[in-house]
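Next comes model.cif, a file with mmCIF, C-alpha atoms and all ligand atoms.
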```cif
data_model
loop_
_atom_site.label_atom_id
_atom_site.label_comp_id
_atom_site.auth_asym_id
_atom_site.auth_seq_id
_atom_site.Cartn_x
_atom_site.Cartn_y
_atom_site.Cartn_z
CA MET A 1 -41.88 -93.43 -134.84
CA LYS A 2 -44.42 -95.10 -137.09
CA GLN A 3 -45.74 -98.56 -136.30
CA GLN A 4 -44.67 -101.13 -138.88
CA ILE A 5 -46.69 -103.71 -140.76
CA LEU A 6 -44.32 -106.02 -142.64
CA ILE A 7 -45.73 -108.29 -145.35
CA ILE A 8 -43.50 -111.06 -146.68
CA GLY A 9 -44.45 -111.88 -150.28
CA ALA A 10 -45.92 -110.02 -153.25
CA GLY A 11 -48.22 -112.73 -154.57
CA PHE A 12 -52.00 -112.59 -154.42
CA GLY A 13 -52.05 -112.85 -150.62
CA GLY A 14 -49.32 -110.25 -150.09
CA VAL A 15 -50.54 -107.66 -152.62
CA TRP A 16 -54.12 -107.76 -151.38
CA SER A 17 -52.95 -107.63 -147.75
CA ALA A 18 -50.98 -104.47 -148.52
CA LEU A 19 -53.88 -102.82 -150.36
CA SER A 20 -56.39 -103.76 -147.72
CA ALA A 21 -54.22 -102.52 -144.84
CA ALA A 22 -53.70 -99.25 -146.78
CA ARG A 23 -57.46 -99.01 -147.28
CA LEU A 24 -58.16 -99.21 -143.56
CA LEU A 25 -55.47 -96.63 -142.71
CA ASP A 26 -56.99 -94.33 -145.33
CA LYS A 27 -60.51 -94.90 -144.02
CA HIS A 28 -59.42 -93.89 -140.52
CA ASP A 29 -57.28 -91.06 -141.83
CA ARG A 30 -54.18 -92.44 -140.13
CA ASN A 31 -50.61 -91.93 -141.26
CA ASP A 32 -48.79 -93.25 -138.20
CA VAL A 33 -48.53 -96.82 -139.55
CA GLU A 34 -46.15 -97.84 -142.35
CA ILE A 35 -46.80 -100.83 -144.61
CA THR A 36 -43.81 -102.58 -146.18
CA VAL A 37 -43.85 -105.46 -148.65
CA LEU A 38 -40.69 -107.57 -148.83
CA ALA A 39 -40.37 -109.80 -151.91
CA PRO A 40 -37.79 -110.76 -154.52
CA GLN A 41 -39.58 -108.75 -157.26
CA ALA A 42 -42.01 -105.83 -157.33
CA GLU A 43 -44.33 -107.77 -159.58
CA LEU A 44 -47.35 -110.00 -159.16
CA ARG A 45 -46.56 -113.22 -160.91
CA ILE A 46 -49.73 -114.74 -162.31
CA ARG A 47 -49.10 -118.38 -161.32
CA PRO A 48 -52.49 -119.66 -162.51
CA ARG A 49 -51.37 -118.90 -166.08
CA PHE A 50 -48.00 -120.63 -166.03
CA TYR A 51 -49.30 -123.59 -168.08
CA GLU A 52 -49.98 -121.19 -170.98
CA PRO A 53 -47.50 -120.15 -173.70
CA ASN A 54 -45.64 -116.80 -173.52
CA VAL A 55 -45.14 -117.25 -169.81
CA HIS A 56 -42.64 -114.38 -169.58
CA ASN A 57 -45.66 -112.04 -169.94
CA MET A 58 -47.51 -113.54 -166.97
CA LYS A 59 -46.65 -110.85 -164.44
CA ALA A 60 -47.89 -107.39 -163.49
CA PRO A 61 -45.64 -104.58 -162.19
CA LEU A 62 -46.40 -103.31 -158.68
CA ASN A 63 -44.20 -100.24 -158.11
CA ASP A 64 -46.70 -97.66 -159.37
CA LEU A 65 -49.58 -99.33 -157.55
CA PHE A 66 -47.67 -99.45 -154.26
CA ASP A 67 -46.61 -95.80 -154.71
CA ALA A 68 -50.22 -94.78 -155.36
CA VAL A 69 -51.47 -96.32 -152.10
CA GLY A 70 -48.42 -95.46 -149.99
CA VAL A 71 -46.98 -98.96 -149.58
CA LYS A 72 -43.19 -99.27 -149.33
CA PHE A 73 -41.52 -102.05 -151.31
CA VAL A 74 -38.24 -103.65 -150.26
CA GLN A 75 -36.60 -106.03 -152.69
CA GLY A 76 -35.23 -109.14 -151.06
CA SER A 77 -35.85 -112.66 -149.90
CA ALA A 78 -36.70 -113.26 -146.24
CA GLU A 79 -34.35 -115.69 -144.54
CA THR A 80 -35.14 -115.66 -140.85
CA ILE A 81 -37.99 -114.52 -138.66
CA ASP A 82 -36.90 -113.48 -135.18
CA GLU A 83 -40.18 -113.26 -133.32
CA LYS A 84 -38.59 -112.36 -129.98
CA ASN A 85 -37.01 -109.20 -131.39
CA LYS A 86 -39.63 -108.70 -134.14
CA LEU A 87 -37.04 -108.68 -136.88
CA VAL A 88 -36.92 -110.27 -140.31
CA SER A 89 -33.51 -110.81 -141.93
CA PHE A 90 -33.38 -110.90 -145.68
CA THR A 91 -30.98 -111.25 -148.59
CA LYS A 92 -30.97 -108.41 -151.08
CA ALA A 93 -30.85 -108.99 -154.83
CA ALA A 94 -27.10 -108.27 -154.88
CA GLY A 95 -26.49 -110.80 -152.10
CA SER A 96 -25.96 -108.51 -149.11
CA GLN A 97 -28.03 -108.86 -145.95
CA GLY A 98 -30.69 -106.58 -144.50
CA LYS A 99 -33.04 -106.49 -141.53
CA LEU A 100 -36.56 -105.12 -141.17
CA SER A 101 -38.39 -104.64 -137.90
CA TYR A 102 -42.12 -105.01 -137.46
CA ASP A 103 -44.93 -104.51 -135.01
CA ARG A 104 -47.12 -106.93 -136.95
CA LEU A 105 -45.97 -109.47 -139.52
CA VAL A 106 -48.06 -110.92 -142.35
CA LEU A 107 -46.56 -114.08 -143.79
CA ALA A 108 -47.67 -114.36 -147.45
CA ALA A 109 -44.75 -116.26 -148.98
CA GLY A 110 -46.91 -118.69 -150.96
CA SER A 111 -46.18 -122.28 -151.90
CA HIS A 112 -44.05 -124.32 -154.25
CA LEU A 113 -44.16 -127.65 -156.00
CA MET A 114 -42.48 -130.52 -154.17
CA ARG A 115 -40.54 -132.96 -156.27
CA PRO A 116 -40.55 -136.47 -154.76
CA PRO A 117 -37.31 -138.44 -154.41
CA VAL A 118 -37.84 -140.24 -157.72
CA GLU A 119 -34.73 -141.14 -159.71
CA GLY A 120 -33.96 -138.49 -162.37
CA MET A 121 -36.82 -136.19 -161.29
CA LEU A 122 -34.63 -133.20 -160.40
CA GLU A 123 -32.47 -133.38 -163.51
CA HIS A 124 -34.98 -134.33 -166.19
CA ALA A 125 -38.54 -133.30 -165.27
CA PHE A 126 -40.05 -129.91 -166.05
CA ASP A 127 -42.78 -128.06 -164.15
CA VAL A 128 -45.08 -125.04 -164.42
CA ASP A 129 -44.85 -123.94 -160.80
CA GLN A 130 -42.73 -120.77 -161.02
CA ILE A 131 -42.20 -118.38 -163.90
CA GLU A 132 -38.56 -119.45 -164.32
CA SER A 133 -39.35 -123.18 -164.49
CA ALA A 134 -42.33 -122.61 -166.81
CA ALA A 135 -40.03 -120.53 -169.05
CA ARG A 136 -37.53 -123.42 -169.11
CA LEU A 137 -40.31 -125.73 -170.28
CA GLU A 138 -41.32 -123.22 -172.94
CA ALA A 139 -37.75 -122.92 -174.26
CA HIS A 140 -37.48 -126.71 -174.30
CA LEU A 141 -40.73 -127.06 -176.28
CA HIS A 142 -39.49 -124.54 -178.84
CA ALA A 143 -36.20 -126.42 -179.17
CA LEU A 144 -38.01 -129.69 -180.00
CA LYS A 145 -38.30 -128.52 -183.60
CA ASN A 146 -34.52 -128.79 -183.91
CA LEU A 147 -34.58 -132.49 -183.02
CA PRO A 148 -35.16 -135.24 -185.56
CA ALA A 149 -38.70 -136.64 -185.46
CA SER A 150 -39.04 -139.49 -182.95
CA ALA A 151 -41.60 -140.92 -180.56
CA ALA A 152 -39.76 -139.26 -177.66
CA ARG A 153 -39.68 -135.84 -179.31
CA ASN A 154 -43.39 -135.96 -180.10
CA THR A 155 -44.56 -137.21 -176.68
CA VAL A 156 -45.29 -135.20 -173.55
CA VAL A 157 -45.88 -137.03 -170.28
CA VAL A 158 -47.71 -135.10 -167.57
CA ALA A 159 -47.17 -136.71 -164.19
CA GLY A 160 -50.27 -136.11 -162.07
CA GLY A 161 -53.86 -135.64 -163.17
CA GLY A 162 -55.04 -133.02 -160.67
CA PHE A 163 -56.01 -129.44 -161.46
CA THR A 164 -52.56 -128.29 -162.62
CA GLY A 165 -51.85 -131.53 -164.49
CA ILE A 166 -55.12 -131.37 -166.43
CA GLU A 167 -54.70 -127.71 -167.39
CA THR A 168 -51.12 -128.38 -168.48
CA ALA A 169 -51.99 -131.51 -170.47
CA THR A 170 -55.01 -130.07 -172.28
CA GLU A 171 -52.99 -127.07 -173.42
CA MET A 172 -50.17 -129.30 -174.73
CA PRO A 173 -51.61 -130.48 -178.07
CA ALA A 174 -51.89 -126.87 -179.30
CA ARG A 175 -48.48 -125.96 -177.88
CA LEU A 176 -46.80 -129.00 -179.47
CA ARG A 177 -48.48 -128.41 -182.84
CA ALA A 178 -47.42 -124.78 -182.79
CA VAL A 179 -43.83 -126.04 -182.67
CA LEU A 180 -43.95 -129.30 -184.65
CA GLY A 181 -46.61 -128.46 -187.21
CA ASP A 182 -50.31 -129.22 -187.54
CA ASN A 183 -49.77 -132.71 -188.91
CA ALA A 184 -47.22 -133.87 -186.35
CA ASP A 185 -48.00 -137.23 -184.83
CA ILE A 186 -48.04 -136.07 -181.22
CA ARG A 187 -48.96 -137.84 -177.97
CA VAL A 188 -49.92 -136.29 -174.64
CA ILE A 189 -50.16 -138.78 -171.78
CA VAL A 190 -51.31 -138.11 -168.22
CA VAL A 191 -50.02 -140.58 -165.62
CA ASP A 192 -52.00 -140.70 -162.39
CA ARG A 193 -51.90 -143.07 -159.47
CA ALA A 194 -55.68 -142.96 -158.91
CA PRO A 195 -57.82 -145.64 -160.55
CA GLN A 196 -60.13 -143.02 -162.14
CA ILE A 197 -59.65 -139.92 -164.28
CA ALA A 198 -59.62 -136.75 -162.15
CA ALA A 199 -60.34 -138.71 -158.98
CA SER A 200 -59.41 -135.72 -156.79
CA LEU A 201 -61.88 -133.40 -158.56
CA GLY A 202 -65.01 -135.50 -158.21
CA ASP A 203 -67.79 -137.16 -160.18
CA GLY A 204 -69.57 -133.98 -161.33
CA ILE A 205 -66.67 -132.51 -163.26
CA ARG A 206 -65.23 -135.82 -164.55
CA PRO A 207 -67.43 -136.22 -167.66
CA SER A 208 -66.21 -132.87 -168.99
CA ILE A 209 -62.58 -133.86 -168.42
CA VAL A 210 -63.15 -137.24 -170.11
CA GLU A 211 -64.87 -135.60 -173.08
CA ALA A 212 -62.16 -132.97 -173.44
CA SER A 213 -59.42 -135.63 -173.20
CA GLU A 214 -61.07 -137.70 -175.94
CA HIS A 215 -61.58 -134.64 -178.13
CA LEU A 216 -57.94 -133.58 -177.73
CA GLY A 217 -56.54 -137.11 -177.99
CA ILE A 218 -55.07 -137.08 -174.50
CA GLU A 219 -54.32 -140.52 -173.08
CA TRP A 220 -54.60 -141.37 -169.38
CA ILE A 221 -52.55 -144.11 -167.75
CA LEU A 222 -54.14 -144.76 -164.35
CA ASP A 223 -53.42 -146.69 -161.19
CA THR A 224 -49.67 -146.32 -161.49
CA SER A 225 -46.96 -143.76 -160.86
CA VAL A 226 -43.65 -142.55 -162.22
CA THR A 227 -40.70 -144.40 -160.69
CA SER A 228 -37.89 -142.86 -162.72
CA VAL A 229 -37.27 -140.13 -165.27
CA ASP A 230 -34.37 -139.84 -167.70
CA ALA A 231 -33.53 -137.78 -170.76
CA GLY A 232 -35.40 -140.24 -172.99
CA GLY A 233 -38.56 -140.90 -171.02
CA VAL A 234 -40.19 -142.34 -167.91
CA THR A 235 -40.56 -145.70 -166.29
CA LEU A 236 -43.77 -146.44 -164.40
CA ALA A 237 -44.39 -148.54 -161.29
CA ASP A 238 -46.13 -151.19 -163.40
CA GLY A 239 -42.99 -151.55 -165.53
CA GLN A 240 -44.21 -149.59 -168.56
CA ARG A 241 -41.67 -147.46 -170.36
CA ILE A 242 -42.78 -144.32 -172.24
CA GLU A 243 -40.32 -142.66 -174.59
CA SER A 244 -40.61 -138.90 -174.03
CA SER A 245 -38.31 -135.90 -174.17
CA THR A 246 -40.76 -133.86 -172.11
CA VAL A 247 -41.89 -135.02 -168.67
CA ILE A 248 -43.79 -132.46 -166.59
CA TRP A 249 -44.24 -133.00 -162.85
CA THR A 250 -47.41 -131.37 -161.43
CA VAL A 251 -48.23 -132.93 -158.06
CA GLY A 252 -47.67 -131.92 -154.44
CA PHE A 253 -47.67 -128.28 -153.32
CA ARG A 254 -46.15 -127.20 -150.03
CA ALA A 255 -46.28 -123.93 -148.10
CA SER A 256 -43.16 -121.77 -148.02
CA PRO A 257 -40.38 -123.09 -145.74
CA LEU A 258 -40.67 -119.81 -143.78
CA THR A 259 -43.74 -121.34 -142.10
CA GLU A 260 -41.35 -123.72 -140.31
CA GLN A 261 -39.86 -120.75 -138.42
CA VAL A 262 -43.23 -119.95 -136.86
CA GLN A 263 -44.23 -122.22 -133.99
CA GLY A 264 -47.67 -123.68 -134.44
CA THR A 265 -49.89 -126.39 -135.81
CA ARG A 266 -49.61 -127.06 -139.55
CA ASP A 267 -51.69 -129.05 -142.00
CA HIS A 268 -50.26 -131.76 -144.25
CA GLN A 269 -49.13 -129.08 -146.76
CA GLY A 270 -47.24 -127.15 -144.11
CA ARG A 271 -49.83 -124.36 -143.82
CA LEU A 272 -50.13 -122.61 -140.48
CA HIS A 273 -53.43 -122.90 -138.63
CA VAL A 274 -54.93 -119.43 -138.29
CA ASP A 275 -57.88 -118.09 -136.33
CA GLN A 276 -60.91 -116.36 -137.89
CA ASN A 277 -58.98 -113.07 -138.10
CA LEU A 278 -56.12 -114.90 -139.87
CA LYS A 279 -53.71 -114.55 -137.00
CA VAL A 280 -51.48 -117.59 -136.53
CA ARG A 281 -52.89 -119.49 -133.57
CA GLY A 282 -50.84 -118.92 -130.43
CA HIS A 283 -49.08 -115.79 -131.76
CA ALA A 284 -49.72 -112.19 -130.80
CA ASP A 285 -48.10 -110.47 -133.79
CA VAL A 286 -48.04 -112.85 -136.74
CA PHE A 287 -50.73 -113.26 -139.40
CA ALA A 288 -50.65 -115.77 -142.27
CA THR A 289 -52.46 -115.49 -145.58
CA GLY A 290 -52.73 -117.07 -149.02
CA ASP A 291 -51.11 -120.46 -149.53
CA VAL A 292 -49.33 -120.41 -146.15
CA ALA A 293 -52.61 -120.20 -144.18
CA TYR A 294 -54.88 -123.07 -143.18
CA ALA A 295 -58.10 -121.12 -142.73
CA ALA A 296 -61.72 -122.17 -142.27
CA THR A 297 -63.82 -120.64 -145.05
CA ASP A 298 -67.15 -121.31 -143.29
CA ASP A 299 -68.48 -123.12 -140.22
CA LEU A 300 -69.35 -126.25 -142.19
CA GLY A 301 -65.85 -127.72 -142.06
CA ASN A 302 -64.46 -126.34 -145.34
CA PHE A 303 -60.96 -124.87 -145.51
CA ALA A 304 -59.32 -122.57 -148.04
CA ALA A 305 -57.57 -124.40 -150.87
CA MET A 306 -54.17 -123.36 -152.16
CA SER A 307 -55.84 -121.21 -154.79
CA CYS A 308 -55.85 -117.73 -156.13
CA GLN A 309 -59.54 -117.42 -155.36
CA HIS A 310 -58.77 -117.96 -151.69
CA ALA A 311 -55.45 -116.09 -151.63
CA ILE A 312 -57.07 -112.86 -152.88
CA ALA A 313 -59.82 -112.96 -150.24
CA LEU A 314 -57.47 -114.12 -147.48
CA GLY A 315 -55.17 -111.24 -148.40
CA ARG A 316 -57.92 -108.66 -148.12
CA TYR A 317 -58.98 -109.95 -144.69
CA ALA A 318 -55.44 -110.34 -143.35
CA GLY A 319 -54.49 -106.80 -144.42
CA ASN A 320 -57.63 -105.35 -142.95
CA ASN A 321 -57.20 -107.21 -139.68
CA VAL A 322 -53.51 -106.53 -139.18
CA ALA A 323 -54.18 -102.81 -139.63
CA ALA A 324 -57.33 -102.99 -137.48
CA GLU A 325 -55.27 -104.35 -134.61
CA LEU A 326 -52.79 -101.48 -134.71
CA LEU A 327 -55.59 -98.92 -135.10
CA GLY A 328 -57.63 -100.45 -132.29
CA VAL A 329 -60.69 -101.10 -134.44
CA GLU A 330 -62.75 -104.27 -134.74
CA PRO A 331 -61.37 -106.93 -137.13
CA ILE A 332 -63.61 -108.65 -139.71
CA ALA A 333 -63.79 -112.42 -139.35
CA TYR A 334 -62.75 -114.21 -142.55
CA SER A 335 -65.64 -115.87 -144.33
CA GLN A 336 -65.74 -117.18 -147.92
CA PRO A 337 -68.62 -119.62 -148.18
CA LYS A 338 -68.79 -119.60 -151.98
CA TYR A 339 -66.38 -121.91 -153.78
CA VAL A 340 -66.10 -122.23 -157.56
CA THR A 341 -63.80 -124.05 -159.95
CA CYS A 342 -62.97 -122.95 -163.48
CA LEU A 343 -60.80 -125.57 -165.15
CA ASP A 344 -59.21 -124.82 -168.51
CA LEU A 345 -59.52 -127.72 -170.95
CA GLY A 346 -57.49 -126.40 -173.87
CA ALA A 347 -59.07 -126.22 -177.31
CA TRP A 348 -62.16 -128.13 -176.03
CA GLY A 349 -63.08 -125.17 -173.79
CA ALA A 350 -63.34 -125.18 -170.01
CA VAL A 351 -65.66 -126.29 -167.23
CA PHE A 352 -67.05 -124.06 -164.49
CA THR A 353 -68.50 -125.51 -161.30
CA GLU A 354 -70.02 -124.15 -158.11
CA GLY A 355 -69.85 -125.57 -154.61
CA TRP A 356 -67.39 -127.85 -152.88
CA ASP A 357 -69.16 -130.77 -154.59
CA ARG A 358 -68.43 -129.08 -157.96
CA GLN A 359 -71.82 -128.87 -159.65
CA VAL A 360 -71.23 -128.12 -163.32
CA LYS A 361 -72.74 -124.79 -164.40
CA LEU A 362 -70.94 -123.98 -167.66
CA VAL A 363 -68.96 -126.04 -170.17
CA LYS A 364 -66.97 -125.60 -173.35
CA GLN A 365 -66.98 -122.12 -174.92
CA GLU A 366 -69.13 -120.42 -172.27
CA ALA A 367 -66.85 -121.65 -169.52
CA LYS A 368 -63.80 -120.78 -171.63
CA GLU A 369 -64.95 -117.17 -171.91
CA LEU A 370 -65.26 -117.02 -168.13
CA LYS A 371 -61.83 -118.64 -167.67
CA THR A 372 -60.30 -116.08 -170.06
CA GLN A 373 -61.94 -113.26 -168.12
CA ILE A 374 -60.62 -114.66 -164.81
CA ASN A 375 -57.13 -115.27 -166.15
CA THR A 376 -56.68 -112.02 -168.04
CA VAL A 377 -58.62 -109.51 -165.94
CA TRP A 378 -59.98 -110.57 -162.55
CA ILE A 379 -56.81 -111.92 -160.98
CA TYR A 380 -54.62 -109.00 -162.10
CA PRO A 381 -53.92 -106.22 -159.60
CA PRO A 382 -55.94 -103.01 -159.88
CA ALA A 383 -54.58 -99.99 -161.79
CA ALA A 384 -52.32 -97.55 -159.96
CA ASP A 385 -55.21 -95.29 -159.04
CA ARG A 386 -55.36 -94.68 -155.28
CA ALA A 387 -59.11 -94.43 -154.81
CA ALA A 388 -59.96 -97.33 -157.12
CA ALA A 389 -57.24 -99.60 -155.71
CA LEU A 390 -58.26 -98.97 -152.11
CA ALA A 391 -61.93 -99.49 -152.93
CA ALA A 392 -61.09 -102.82 -154.60
CA ALA A 393 -59.39 -104.05 -151.41
CA ASP A 394 -62.52 -104.10 -149.26
CA PRO A 395 -62.58 -107.56 -147.65
CA LEU A 396 -66.36 -107.69 -147.94
CA ILE A 397 -66.21 -107.76 -151.76
CA PRO A 398 -66.85 -111.39 -152.76
CA VAL A 399 -64.09 -112.87 -154.93
CA ALA A 400 -66.21 -115.44 -156.77
C1 LIG B 501 -49.86 -123.88 -162.89
C2 LIG B 501 -50.75 -123.36 -161.80
C3 LIG B 501 -52.10 -123.18 -162.08
C4 LIG B 501 -52.95 -122.69 -161.10
N1 LIG B 501 -54.26 -122.51 -161.40
C5 LIG B 501 -55.07 -121.96 -160.50
C6 LIG B 501 -56.42 -121.68 -160.84
O1 LIG B 501 -56.89 -121.95 -161.95
N2 LIG B 501 -57.21 -121.11 -159.90
C7 LIG B 501 -56.73 -120.78 -158.67
O2 LIG B 501 -57.50 -120.25 -157.87
N3 LIG B 501 -55.45 -121.04 -158.31
C8 LIG B 501 -54.61 -121.62 -159.20
N4 LIG B 501 -53.32 -121.86 -158.85
C9 LIG B 501 -52.87 -121.62 -157.48
C10 LIG B 501 -52.50 -120.17 -157.24
O3 LIG B 501 -51.58 -119.71 -158.19
C11 LIG B 501 -51.90 -120.01 -155.83
O4 LIG B 501 -52.80 -120.56 -154.90
C12 LIG B 501 -51.66 -118.55 -155.53
O5 LIG B 501 -50.62 -118.07 -156.37
C13 LIG B 501 -51.30 -118.36 -154.06
O6 LIG B 501 -51.06 -117.01 -153.83
P1 LIG B 501 -50.00 -116.59 -152.69
O7 LIG B 501 -49.94 -115.11 -152.68
O8 LIG B 501 -50.29 -117.29 -151.42
O9 LIG B 501 -48.62 -117.19 -153.20
P2 LIG B 501 -47.78 -116.89 -154.51
O10 LIG B 501 -48.63 -116.45 -155.63
O11 LIG B 501 -46.94 -118.11 -154.69
O12 LIG B 501 -46.86 -115.66 -154.09
C14 LIG B 501 -45.87 -115.82 -153.10
C15 LIG B 501 -45.06 -114.54 -153.03
O13 LIG B 501 -44.12 -114.67 -151.96
C16 LIG B 501 -42.82 -114.36 -152.45
N5 LIG B 501 -41.86 -115.09 -151.63
C17 LIG B 501 -41.66 -116.41 -151.56
N6 LIG B 501 -40.67 -116.67 -150.69
C18 LIG B 501 -40.27 -115.48 -150.19
C19 LIG B 501 -39.27 -115.08 -149.24
N7 LIG B 501 -38.47 -115.97 -148.63
N8 LIG B 501 -39.13 -113.77 -148.98
C20 LIG B 501 -39.91 -112.83 -149.60
N9 LIG B 501 -40.86 -113.15 -150.49
C21 LIG B 501 -41.03 -114.47 -150.77
C22 LIG B 501 -42.87 -114.78 -153.92
O14 LIG B 501 -41.83 -114.18 -154.65
C23 LIG B 501 -44.25 -114.24 -154.27
O15 LIG B 501 -44.17 -112.85 -154.47
C24 LIG B 501 -52.43 -122.37 -159.81
C25 LIG B 501 -51.07 -122.55 -159.53
C26 LIG B 501 -50.24 -123.05 -160.51
C27 LIG B 501 -48.76 -123.22 -160.20
#
```

Could you express the structure from this file as structure tokens?
Amino acid sequence: MKQQILIIGAGFGGVWSALSAARLLDKHDRNDVEITVLAPQAELRIRPRFYEPNVHNMKAPLNDLFDAVGVKFVQGSAETIDEKNKLVSFTKAAGSQGKLSYDRLVLAAGSHLMRPPVEGMLEHAFDVDQIESAARLEAHLHALKNLPASAARNTVVVAGGGFTGIETATEMPARLRAVLGDNADIRVIVVDRAPQIAASLGDGIRPSIVEASEHLGIEWILDTSVTSVDAGGVTLADGQRIESSTVIWTVGFRASPLTEQVQGTRDHQGRLHVDQNLKVRGHADVFATGDVAYAATDDLGNFAAMSCQHAIALGRYAGNNVAAELLGVEPIAYSQPKYVTCLDLGAWGAVFTEGWDRQVKLVKQEAKELKTQINTVWIYPPAADRAAALAAADPLIPVA
């Protein structure tokens, strides 16, 4: 009977874990280990692009790729992890139940946006977190043209001015004008509780964000937060009322609830602490990768962010190391000392920084070309060509 590697999730962490595990089996000419990916869809959903229009296209099929490298795909959503019996129970697409056994488990179930208990938030706010919710926003934006002109129709409020909020807001003028016409009197407003623009991203990158906001006419309301949302707008903590038919919540990501079924220390986002080989601390058979893993990227005190850049590398190491353990070969300690940021700033361009202190290296069109390359090529899965796909999964290939 073959030994079983079970990977939960087909995002960046899960796909690259599967490819990397397959690469190591191939390298050692072993066919006594089976790799299975369990996820609701056999597609890599390109979350970093969900603030863009045409969101239904932001996915890449995985069946042919998995077939090419010998990875089995099971469609379903994991419900329970039974570590004692090494079993994962899942719900199939049609609603029936299934079980999968494992010798080693890789948890790669990603993260999701948390909506705070603010009045009206669940019913009235949009988000760009998952393909379905981003598609709802897109349909809503298209439907605005059927409404009579009003301040509310023409105003988008983006709640939260972090990475996702800024990318969403700076794309909005073009998206609104595409629907309402070039001469529409539109407003895009970012509401953030920090006293400064882009406080969480630092002083180096801020001037580019300020310049882009001014160029695009984006307003920032700082030092306050959203206290309620309704069909006609938002009310802020300082009492201001903004009429808006489109409120987009962008703050607060949390690791998959499956992490709660694995005993262990978690960070404030619910991510499981992992060791240098990406095994969950205190567990013999469970690895975590991507947005569910709290992993040191270097020995200087930096930790992986919830980012694609980290999820791809974490995936390659986790897959390599889970297979290495079953094959009895040495694992490769996760290390990703280089950190970059490429922030899309709509029609102004983009800004590219290097280092955890975000030193600006490229701005405007040059950075935009890089962002386009990242978003349309680099983060997509490799073609369904066995040799090329396995070669691309080497954990020692730097991501950035
Ligand atoms: C709008 C937006 C913009 C972003 N921009 C950037 C950016 O510019 N740069 C960057 O580096 N990062 C960016 N990110 C973050 C990046 O998308 C995530 O960090 C990345 O997707 C994490 O990869 P992952 O594989 O851990 O999780 P995900 O990509 O979330 O994949 C999780 C997978 O697990 C599956 N899954 C979930 N629950 C279950 C279950 N119970 N059973 C089975 N399968 C399950 C999902 O279906 C999916 O296949 C952005 C995110 C958003 C939302």

Would you write out, as a tab-separated table, a table of all residues in stretch 298-344 of chain A that have an atom no more than 12 Å from an atom of stretch 148-170 of chain A, listing for each the closest atom pair and the distance in Å to one decimal, considering all atoms listed in the file and ordering rows by chain and rising residue number?
```
residue	atom	partner	partner_atom	distance
A:Ala305	CA	A:Phe163	CA	11.8
A:Met306	CA	A:Phe163	CA	11.3
A:Ser307	CA	A:Phe163	CA	10.6
A:Thr341	CA	A:Phe163	CA	9.6
A:Cys342	CA	A:Phe163	CA	9.7
A:Leu343	CA	A:Glu167	CA	6.8
A:Asp344	CA	A:Glu167	CA	5.5
```

I need every residue sitting at most 9 Å from the point (-61.8, -102.4, -147.7) (coordinates as in the file, only C-alpha atoms considered), written as a ChimeraX atom specification.
/A:19-24,27,316-317,320,390-397

Any residue with an atom at most 7 Å from ligand LIG 501 (chain B) counts, using all atoms listed in the file. Which are they? Put them as a compact mmCIF listing (two decimals) with C-alpha atoms, in the frame of the given file.
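Okay, part21.txt is ready:
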```
# COMPACT_ATOMS: atom_id res chain seq x y z
CA ILE A 8 -43.50 -111.06 -146.68
CA GLY A 9 -44.45 -111.88 -150.28
CA ALA A 10 -45.92 -110.02 -153.25
CA GLY A 11 -48.22 -112.73 -154.57
CA PHE A 12 -52.00 -112.59 -154.42
CA GLY A 13 -52.05 -112.85 -150.62
CA GLY A 14 -49.32 -110.25 -150.09
CA LEU A 38 -40.69 -107.57 -148.83
CA ALA A 39 -40.37 -109.80 -151.91
CA PRO A 40 -37.79 -110.76 -154.52
CA GLN A 41 -39.58 -108.75 -157.26
CA LEU A 44 -47.35 -110.00 -159.16
CA ARG A 45 -46.56 -113.22 -160.91
CA ILE A 46 -49.73 -114.74 -162.31
CA ARG A 47 -49.10 -118.38 -161.32
CA PRO A 48 -52.49 -119.66 -162.51
CA ARG A 49 -51.37 -118.90 -166.08
CA PHE A 50 -48.00 -120.63 -166.03
CA TYR A 51 -49.30 -123.59 -168.08
CA GLY A 76 -35.23 -109.14 -151.06
CA SER A 77 -35.85 -112.66 -149.90
CA ALA A 78 -36.70 -113.26 -146.24
CA GLU A 79 -34.35 -115.69 -144.54
CA ALA A 108 -47.67 -114.36 -147.45
CA ALA A 109 -44.75 -116.26 -148.98
CA GLY A 110 -46.91 -118.69 -150.96
CA SER A 111 -46.18 -122.28 -151.90
CA HIS A 112 -44.05 -124.32 -154.25
CA VAL A 128 -45.08 -125.04 -164.42
CA ASP A 129 -44.85 -123.94 -160.80
CA GLN A 130 -42.73 -120.77 -161.02
CA THR A 164 -52.56 -128.29 -162.62
CA SER A 256 -43.16 -121.77 -148.02
CA LEU A 258 -40.67 -119.81 -143.78
CA THR A 289 -52.46 -115.49 -145.58
CA GLY A 290 -52.73 -117.07 -149.02
CA ASP A 291 -51.11 -120.46 -149.53
CA VAL A 292 -49.33 -120.41 -146.15
CA MET A 306 -54.17 -123.36 -152.16
CA SER A 307 -55.84 -121.21 -154.79
CA CYS A 308 -55.85 -117.73 -156.13
CA GLN A 309 -59.54 -117.42 -155.36
CA HIS A 310 -58.77 -117.96 -151.69
CA ALA A 311 -55.45 -116.09 -151.63
CA CYS A 342 -62.97 -122.95 -163.48
CA LEU A 343 -60.80 -125.57 -165.15
```

Nearest-residue call for A:Val15, choices A:Ala174, A:Ala313, A:Ile197, A:Val251, using all atoms listed in the file:
A:Ala313

Using only C-alpha atoms, can you tell me which of A:Ser225, A:Gln3, A:Thr80, A:Ser213 comes closest to A:Trp249?
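Residue with the minimum atom-to-atom distance to A:Trp249: A:Ser225.
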